[in-house]
$ cat input-v3.txt   # compact mmCIF, C-alpha atoms
# COMPACT_ATOMS: atom_id res chain seq x y z
CA GLU A 1 -3.20 15.34 2.23
CA THR A 2 0.18 13.66 1.77
CA GLY A 3 0.89 10.54 3.79
CA VAL A 4 4.17 9.46 5.39
CA THR A 5 6.90 8.71 2.87
CA GLN A 6 10.26 7.00 3.35
CA SER A 7 13.37 6.65 1.24
CA PRO A 8 15.02 4.59 0.02
CA THR A 9 12.73 1.58 -0.31
CA HIS A 10 15.56 -0.93 -0.08
CA LEU A 11 19.19 -0.64 0.91
CA ILE A 12 22.11 -3.07 1.08
CA LYS A 13 25.15 -2.27 3.20
CA THR A 14 28.11 -4.18 4.56
CA ARG A 15 29.04 -4.61 8.21
CA GLY A 16 30.81 -1.58 9.67
CA GLN A 17 29.32 0.91 7.21
CA GLN A 18 27.04 3.80 8.06
CA VAL A 19 23.52 4.36 6.70
CA THR A 20 21.01 7.21 6.60
CA LEU A 21 17.30 6.63 6.18
CA ARG A 22 14.81 9.42 5.47
CA CYS A 23 11.23 10.11 6.41
CA SER A 24 8.78 12.83 5.44
CA SER A 25 5.93 13.26 7.87
CA GLN A 26 2.28 13.48 6.97
CA SER A 27 1.09 16.97 6.15
CA GLY A 28 0.42 18.93 9.36
CA HIS A 29 2.31 16.53 11.63
CA ASN A 30 5.24 17.77 13.72
CA THR A 31 6.43 14.58 15.42
CA VAL A 32 8.28 11.61 13.95
CA SER A 33 8.94 8.25 15.60
CA TRP A 34 11.23 5.52 14.30
CA TYR A 35 10.78 1.78 14.72
CA GLN A 36 12.87 -1.28 13.85
CA GLN A 37 11.06 -4.44 12.77
CA ALA A 38 13.16 -7.59 12.51
CA LEU A 39 11.83 -10.43 10.38
CA GLY A 40 8.93 -12.17 12.08
CA GLN A 41 8.81 -9.68 14.95
CA GLY A 42 6.73 -6.70 15.88
CA PRO A 43 8.18 -3.20 15.49
CA GLN A 44 10.34 -1.90 18.34
CA PHE A 45 10.49 1.78 19.24
CA ILE A 46 13.86 3.42 18.55
CA PHE A 47 13.19 7.09 19.34
CA GLN A 48 10.92 10.05 18.70
CA TYR A 49 11.66 13.58 17.50
CA TYR A 50 9.55 16.61 18.30
CA ARG A 51 10.50 20.17 17.37
CA GLU A 52 13.94 18.99 16.24
CA GLU A 53 14.77 17.44 19.63
CA GLU A 54 14.86 13.79 20.69
CA ASN A 55 11.81 13.17 22.84
CA GLY A 56 11.96 9.60 24.13
CA ARG A 57 14.19 6.67 23.26
CA GLY A 58 13.90 2.90 23.34
CA ASN A 59 16.60 0.34 24.16
CA PHE A 60 18.91 1.07 21.25
CA PRO A 61 22.63 1.92 21.45
CA PRO A 62 24.00 5.40 20.71
CA ARG A 63 25.11 4.37 17.23
CA PHE A 64 21.43 4.83 16.35
CA SER A 65 20.92 8.56 16.06
CA GLY A 66 18.48 10.88 14.39
CA LEU A 67 17.68 14.35 13.21
CA GLN A 68 14.53 16.31 12.62
CA PHE A 69 14.48 19.30 10.30
CA PRO A 70 12.41 22.51 10.46
CA ASN A 71 9.98 21.06 7.90
CA TYR A 72 9.49 18.11 10.33
CA SER A 73 11.12 15.56 8.05
CA SER A 74 13.54 13.25 9.79
CA GLU A 75 16.63 11.09 9.32
CA LEU A 76 17.70 7.92 11.08
CA ASN A 77 21.44 7.31 11.09
CA VAL A 78 23.05 4.04 12.05
CA ASN A 79 26.82 3.83 12.46
CA ALA A 80 29.04 0.75 12.53
CA LEU A 81 26.37 -1.48 11.04
CA GLU A 82 25.99 -5.00 12.42
CA LEU A 83 24.37 -8.00 10.83
CA ASP A 84 21.52 -7.79 13.37
CA ASP A 85 20.64 -4.32 12.09
CA SER A 86 19.06 -5.99 9.06
CA ALA A 87 15.39 -5.12 9.41
CA LEU A 88 12.48 -3.07 8.12
CA TYR A 89 12.75 0.47 9.48
CA LEU A 90 9.45 2.25 9.89
CA CYS A 91 8.77 5.85 10.65
CA ALA A 92 5.50 7.19 11.96
CA SER A 93 4.29 10.75 12.19
CA SER A 94 1.85 12.31 14.62
CA LEU A 95 0.65 15.68 15.78
CA GLY A 96 2.13 16.57 19.15
CA ALA A 97 4.86 15.20 21.38
CA GLY A 98 4.72 11.93 23.25
CA PRO A 99 3.18 8.58 22.37
CA TYR A 100 -0.44 9.49 23.11
CA ASN A 101 -1.25 10.96 19.73
CA GLU A 102 -2.24 8.54 16.98
CA GLN A 103 0.71 7.61 14.79
CA PHE A 104 0.54 7.09 11.03
CA PHE A 105 3.14 4.79 9.54
CA GLY A 106 5.14 5.00 6.35
CA PRO A 107 5.89 2.08 3.99
CA GLY A 108 9.30 1.38 5.54
CA THR A 109 12.88 0.98 4.36
CA ARG A 110 14.24 -2.55 4.11
CA LEU A 111 17.89 -2.57 5.23
CA THR A 112 20.07 -5.60 4.57
CA VAL A 113 23.50 -5.77 6.19
CA LEU A 114 25.92 -8.28 4.67
CA LYS B 1 7.15 -4.03 31.75
CA GLN B 2 4.43 -4.38 29.17
CA GLU B 3 4.42 -7.58 27.15
CA VAL B 4 2.07 -8.20 24.26
CA THR B 5 1.34 -11.69 22.96
CA GLN B 6 -0.66 -12.74 19.93
CA ILE B 7 -2.20 -16.12 19.37
CA PRO B 8 -2.23 -17.89 17.00
CA ALA B 9 1.00 -17.03 15.20
CA ALA B 10 -0.49 -18.19 11.91
CA LEU B 11 -3.96 -19.03 10.68
CA SER B 12 -5.25 -20.42 7.39
CA VAL B 13 -8.99 -20.40 6.71
CA PRO B 14 -11.32 -20.81 3.73
CA GLU B 15 -13.03 -17.78 2.31
CA GLY B 16 -16.26 -16.80 4.07
CA GLU B 17 -15.32 -17.90 7.56
CA ASN B 18 -15.69 -15.64 10.57
CA LEU B 19 -12.50 -15.58 12.61
CA VAL B 20 -11.06 -14.21 15.83
CA LEU B 21 -7.51 -13.05 16.43
CA ASN B 22 -6.31 -12.75 20.00
CA CYS B 23 -4.04 -10.27 21.72
CA SER B 24 -3.07 -10.33 25.39
CA PHE B 25 -1.12 -7.75 27.38
CA THR B 26 0.37 -7.82 30.86
CA ASP B 27 -0.03 -4.18 31.98
CA SER B 28 -3.69 -3.25 32.40
CA ALA B 29 -2.87 0.46 32.81
CA ILE B 30 -3.25 0.99 29.12
CA TYR B 31 -4.08 4.23 27.36
CA ASN B 32 -5.20 2.53 24.15
CA LEU B 33 -4.95 -0.67 22.12
CA GLN B 34 -4.50 -0.57 18.37
CA TRP B 35 -4.81 -3.15 15.62
CA PHE B 36 -2.74 -2.89 12.45
CA ARG B 37 -2.56 -4.74 9.17
CA GLN B 38 0.77 -5.36 7.47
CA ASP B 39 1.18 -6.77 3.98
CA PRO B 40 4.48 -8.60 3.26
CA GLY B 41 7.44 -6.21 3.35
CA LYS B 42 5.17 -3.18 3.72
CA GLY B 43 4.33 -0.62 6.36
CA LEU B 44 1.51 -0.68 8.89
CA THR B 45 -2.07 0.27 8.17
CA SER B 46 -4.13 1.19 11.21
CA LEU B 47 -7.39 -0.75 11.39
CA LEU B 48 -8.94 0.09 14.73
CA LEU B 49 -7.91 2.02 17.83
CA ILE B 50 -9.68 1.43 21.13
CA GLN B 51 -9.27 3.95 23.92
CA SER B 52 -9.07 2.61 27.47
CA SER B 53 -12.55 3.97 28.22
CA GLN B 54 -14.08 2.02 25.32
CA ARG B 55 -15.08 -1.64 25.11
CA GLU B 56 -15.08 -2.04 21.35
CA GLN B 57 -14.68 -0.41 17.96
CA THR B 58 -16.15 -1.42 14.62
CA SER B 59 -15.17 -0.70 11.05
CA GLY B 60 -16.96 -2.55 8.28
CA ARG B 61 -16.37 -6.28 8.71
CA LEU B 62 -13.92 -5.69 11.56
CA ASN B 63 -14.75 -5.49 15.24
CA ALA B 64 -12.19 -5.11 18.01
CA SER B 65 -12.95 -5.52 21.68
CA LEU B 66 -10.98 -4.60 24.77
CA ASP B 67 -11.11 -6.14 28.24
CA LYS B 68 -8.60 -4.39 30.46
CA SER B 69 -9.34 -6.51 33.53
CA SER B 70 -8.34 -9.71 31.76
CA GLY B 71 -5.64 -8.07 29.66
CA ARG B 72 -7.16 -9.15 26.36
CA SER B 73 -8.25 -7.75 23.05
CA THR B 74 -9.80 -9.60 20.14
CA LEU B 75 -10.12 -8.71 16.49
CA TYR B 76 -13.16 -10.27 14.85
CA ILE B 77 -13.20 -10.50 11.06
CA ALA B 78 -16.55 -11.37 9.54
CA ALA B 79 -16.97 -13.16 6.22
CA SER B 80 -13.25 -13.36 5.49
CA GLN B 81 -11.98 -12.74 1.96
CA PRO B 82 -8.68 -13.60 0.21
CA GLY B 83 -7.86 -9.88 0.28
CA ASP B 84 -7.77 -10.09 4.08
CA SER B 85 -4.60 -12.19 3.86
CA ALA B 86 -1.90 -10.28 5.74
CA THR B 87 -0.21 -10.10 9.13
CA TYR B 88 -2.28 -8.52 11.88
CA LEU B 89 -0.45 -6.76 14.70
CA CYS B 90 -1.81 -5.42 17.94
CA ALA B 91 -0.03 -2.71 19.89
CA SER B 92 -0.61 -1.50 23.42
CA LEU B 93 0.19 1.94 24.75
CA SER B 94 0.38 1.94 28.52
CA TYR B 95 0.97 4.73 31.02
CA ASN B 96 3.86 2.79 32.59
CA THR B 97 5.94 2.19 29.47
CA ASP B 98 4.99 5.37 27.59
CA LYS B 99 5.58 3.82 24.17
CA LEU B 100 3.78 1.54 21.75
CA ILE B 101 4.52 -2.13 22.47
CA PHE B 102 3.74 -4.48 19.61
CA GLY B 103 2.93 -8.15 19.55
CA THR B 104 4.65 -10.42 17.03
CA GLY B 105 1.54 -10.67 14.89
CA THR B 106 -0.82 -13.28 13.48
CA ARG B 107 -0.18 -14.23 9.87
CA LEU B 108 -3.56 -14.81 8.22
CA GLN B 109 -4.13 -16.61 4.95
CA VAL B 110 -7.63 -16.76 3.48
CA PHE B 111 -7.88 -19.16 0.56
CA PRO B 112 -10.63 -19.20 -2.09

$ encode --input "input-v3.txt" --output "structure tokens"
Amino acid sequence: ETGVTQSPTHLIKTRGQQVTLRCSSQSGHNTVSWYQQALGQGPQFIFQYYREEENGRGNFPPRFSGLQFPNYSSELNVNALELDDSALYLCASSLGAGPYNEQFFGPGTRLTVL
Amino acid sequence: KQEVTQIPAALSVPEGENLVLNCSFTDSAIYNLQWFRQDPGKGLTSLLLIQSSQREQTSGRLNASLDKSSGRSTLYIAASQPGDSATYLCASLSYNTDKLIFGTGTRLQVFP
């Protein structure tokens, strides 16, 4: 059984640029959730994708967007990067829509915005 | 609005000690409470998940309890080891917020 994988591991961007982060869900899982974890904070829910549709969103602006593909992998896109977007971005996969199914987390992508 | 608080923020103990990490939450209408371990710059590893109908869960040297009426959960680590050094996060899933709400974590250091 393959666990959740994320790429890239680290990324450095400058303010105003756009970034795409990728996540492959655990084998058999059809739902992906994305979280942002600022330094010294707990993760905060960005949104969830189920069957290629957004299924729940946290308090993040529209410049945070996502995609889910037929193989259940997912992308997180952030436009017009700001310094405060520097964080560890975590994805989690689960089986079934909604938050009530146990989520399994990937290793994260560390984004630094200069 | 669900708020999750963890005390203490940091803890340093000698190897072999038994220790308790605390997690409190404001919304008692929880579905479950989960404890995670996070090594520096890494992802989250699930340690224990307690459903709202349960009072505690155990895995090896770890025991987590849940008291919905007081809005508290504790993670008990027996006979701590240097390899236990990490940040421990609790997360609550409540019916009212419909998403995982994390605390800010307790950073644990166990020294030989």

$ closest_residue --input "input-v3.txt" --among "B:Ala9, B:Val110, B:Ile50, B:Leu44" --to "chain A" --atoms "all atoms listed in the file"
B:Leu44

$ residues_around --input "input-v3.txt" --residues "region 89-97 of chain A" --least-positions-apart "2" --cutoff "9 Å" --atoms "only C-alpha atoms" --output "MDAnalysis selection string"
(chainID A and resid 4:6 21:26 28:38 43 48:51 55 74 87 99:111) or (chainID B and resid 43:44)

$ closest_atom_pairs --input "input-v3.txt" --of "chain B" --to "chain A" --cutoff "8 Å" --atoms "all atoms listed in the file" --output "JSON lines"
{"residue": "B:Tyr31", "atom": "CA", "partner": "A:Tyr100", "partner_atom": "CA", "distance": 7.7}
{"residue": "B:Gly41", "atom": "CA", "partner": "A:Leu88", "partner_atom": "CA", "distance": 7.6}
{"residue": "B:Lys42", "atom": "CA", "partner": "A:Pro107", "partner_atom": "CA", "distance": 5.3}
{"residue": "B:Gly43", "atom": "CA", "partner": "A:Pro107", "partner_atom": "CA", "distance": 3.9}
{"residue": "B:Leu44", "atom": "CA", "partner": "A:Phe105", "partner_atom": "CA", "distance": 5.7}
{"residue": "B:Thr45", "atom": "CA", "partner": "A:Phe105", "partner_atom": "CA", "distance": 7.0}
{"residue": "B:Ser46", "atom": "CA", "partner": "A:Phe104", "partner_atom": "CA", "distance": 7.5}
{"residue": "B:Leu89", "atom": "CA", "partner": "A:Gly42", "partner_atom": "CA", "distance": 7.3}
{"residue": "B:Leu93", "atom": "CA", "partner": "A:Pro99", "partner_atom": "CA", "distance": 7.7}
{"residue": "B:Asp98", "atom": "CA", "partner": "A:Pro99", "partner_atom": "CA", "distance": 6.4}
{"residue": "B:Lys99", "atom": "CA", "partner": "A:Pro99", "partner_atom": "CA", "distance": 5.6}
{"residue": "B:Leu100", "atom": "CA", "partner": "A:Pro99", "partner_atom": "CA", "distance": 7.1}
{"residue": "B:Ile101", "atom": "CA", "partner": "A:Gln44", "partner_atom": "CA", "distance": 7.1}
{"residue": "B:Phe102", "atom": "CA", "partner": "A:Gly42", "partner_atom": "CA", "distance": 5.3}
{"residue": "B:Gly103", "atom": "CA", "partner": "A:Gly42", "partner_atom": "CA", "distance": 5.5}
{"residue": "B:Thr104", "atom": "CA", "partner": "A:Gly42", "partner_atom": "CA", "distance": 4.4}
{"residue": "B:Gly105", "atom": "CA", "partner": "A:Gly42", "partner_atom": "CA", "distance": 6.6}

$ residues_around --input "input-v3.txt" --residues "Gln6 (chain B)" --least-positions-apart "4" --cutoff "12 Å" --atoms "only C-alpha atoms" --output "list of chain:residue names"
A:Gln41, A:Gly42, B:Ala10, B:Leu11, B:Val20, B:Leu21, B:Asn22, B:Cys23, B:Ser24, B:Phe25, B:Trp35, B:Gly71, B:Arg72, B:Ser73, B:Thr74, B:Leu75, B:Thr87, B:Tyr88, B:Leu89, B:Cys90, B:Ala91, B:Ser92, B:Phe102, B:Gly103, B:Thr104, B:Gly105, B:Thr106, B:Arg107

$ atom_distance --input "input-v3.txt" --atom1 "CA of Gln109 (chain B)" --atom2 "CA of Arg37 (chain B)"
12.7 Å

$ closest_residue --input "input-v3.txt" --among "B:Thr97, B:Ser69, B:Ser12, B:Asn32" --to "Gln51 (chain B)" --atoms "only C-alpha atoms"
B:Asn32

$ atom_distance --input "input-v3.txt" --atom1 "CA of Asp84 (chain A)" --atom2 "CA of Pro40 (chain B)"
19.8 Å

$ residues_around --input "input-v3.txt" --residues "Ala86 (chain B)" --least-positions-apart "3" --cutoff "6 Å" --atoms "all atoms listed in the file" --output "VMD selection string"
chain B and resid 38 to 39 107 to 108

$ atom_distance --input "input-v3.txt" --atom1 "CA of Gly16 (chain A)" --atom2 "CA of Ser65 (chain A)"
15.5 Å

$ residues_around --input "input-v3.txt" --residues "Ala29 (chain B)" --least-positions-apart "3" --cutoff "9 Å" --atoms "all atoms listed in the file" --output "JSON, numbers by chain"
{"B": [52, 68, 93, 94, 95, 96]}

$ residues_around --input "input-v3.txt" --residues "Asn79 (chain A)" --least-positions-apart "3" --cutoff "10 Å" --atoms "only C-alpha atoms" --output "list in words"
Arg15, Gly16, Gln17, Gln18, Val19, Thr20, Pro62, Arg63, Phe64, Ser65 and Glu82 of chain A

$ decode --input "input-v3.txt" --residues "region 33-65 of chain A" --atoms "C-alpha atoms" --output "compact mmCIF listing (two decimals), in the first residue's frame"
# COMPACT_ATOMS: atom_id res chain seq x y z
CA SER A 33 -7.72 17.71 1.79
CA TRP A 34 -5.15 20.50 1.88
CA TYR A 35 -3.84 22.28 4.97
CA GLN A 36 -1.51 25.23 5.57
CA GLN A 37 0.77 25.13 8.60
CA ALA A 38 2.60 28.33 9.45
CA LEU A 39 5.69 28.09 11.62
CA GLY A 40 4.79 27.32 15.22
CA GLN A 41 1.09 26.88 14.44
CA GLY A 42 -1.25 23.99 13.91
CA PRO A 43 -2.41 23.14 10.38
CA GLN A 44 -5.38 25.09 9.03
CA PHE A 45 -7.86 23.57 6.60
CA ILE A 46 -7.77 25.09 3.11
CA PHE A 47 -10.20 22.89 1.17
CA GLN A 48 -11.16 19.34 0.27
CA TYR A 49 -11.66 17.65 -3.10
CA TYR A 50 -13.92 14.67 -3.69
CA ARG A 51 -14.66 13.22 -7.12
CA GLU A 52 -12.88 16.14 -8.78
CA GLU A 53 -15.11 18.75 -7.10
CA GLU A 54 -14.36 21.10 -4.22
CA ASN A 55 -16.19 19.78 -1.18
CA GLY A 56 -15.68 22.22 1.68
CA ARG A 57 -13.41 25.21 2.10
CA GLY A 58 -11.76 27.01 5.00
CA ASN A 59 -11.12 30.74 5.40
CA PHE A 60 -8.73 31.18 2.50
CA PRO A 61 -9.03 33.69 -0.35
CA PRO A 62 -9.89 32.67 -3.93
CA ARG A 63 -6.25 32.91 -5.00
CA PHE A 64 -5.94 29.50 -3.33
CA SER A 65 -7.44 27.03 -5.76
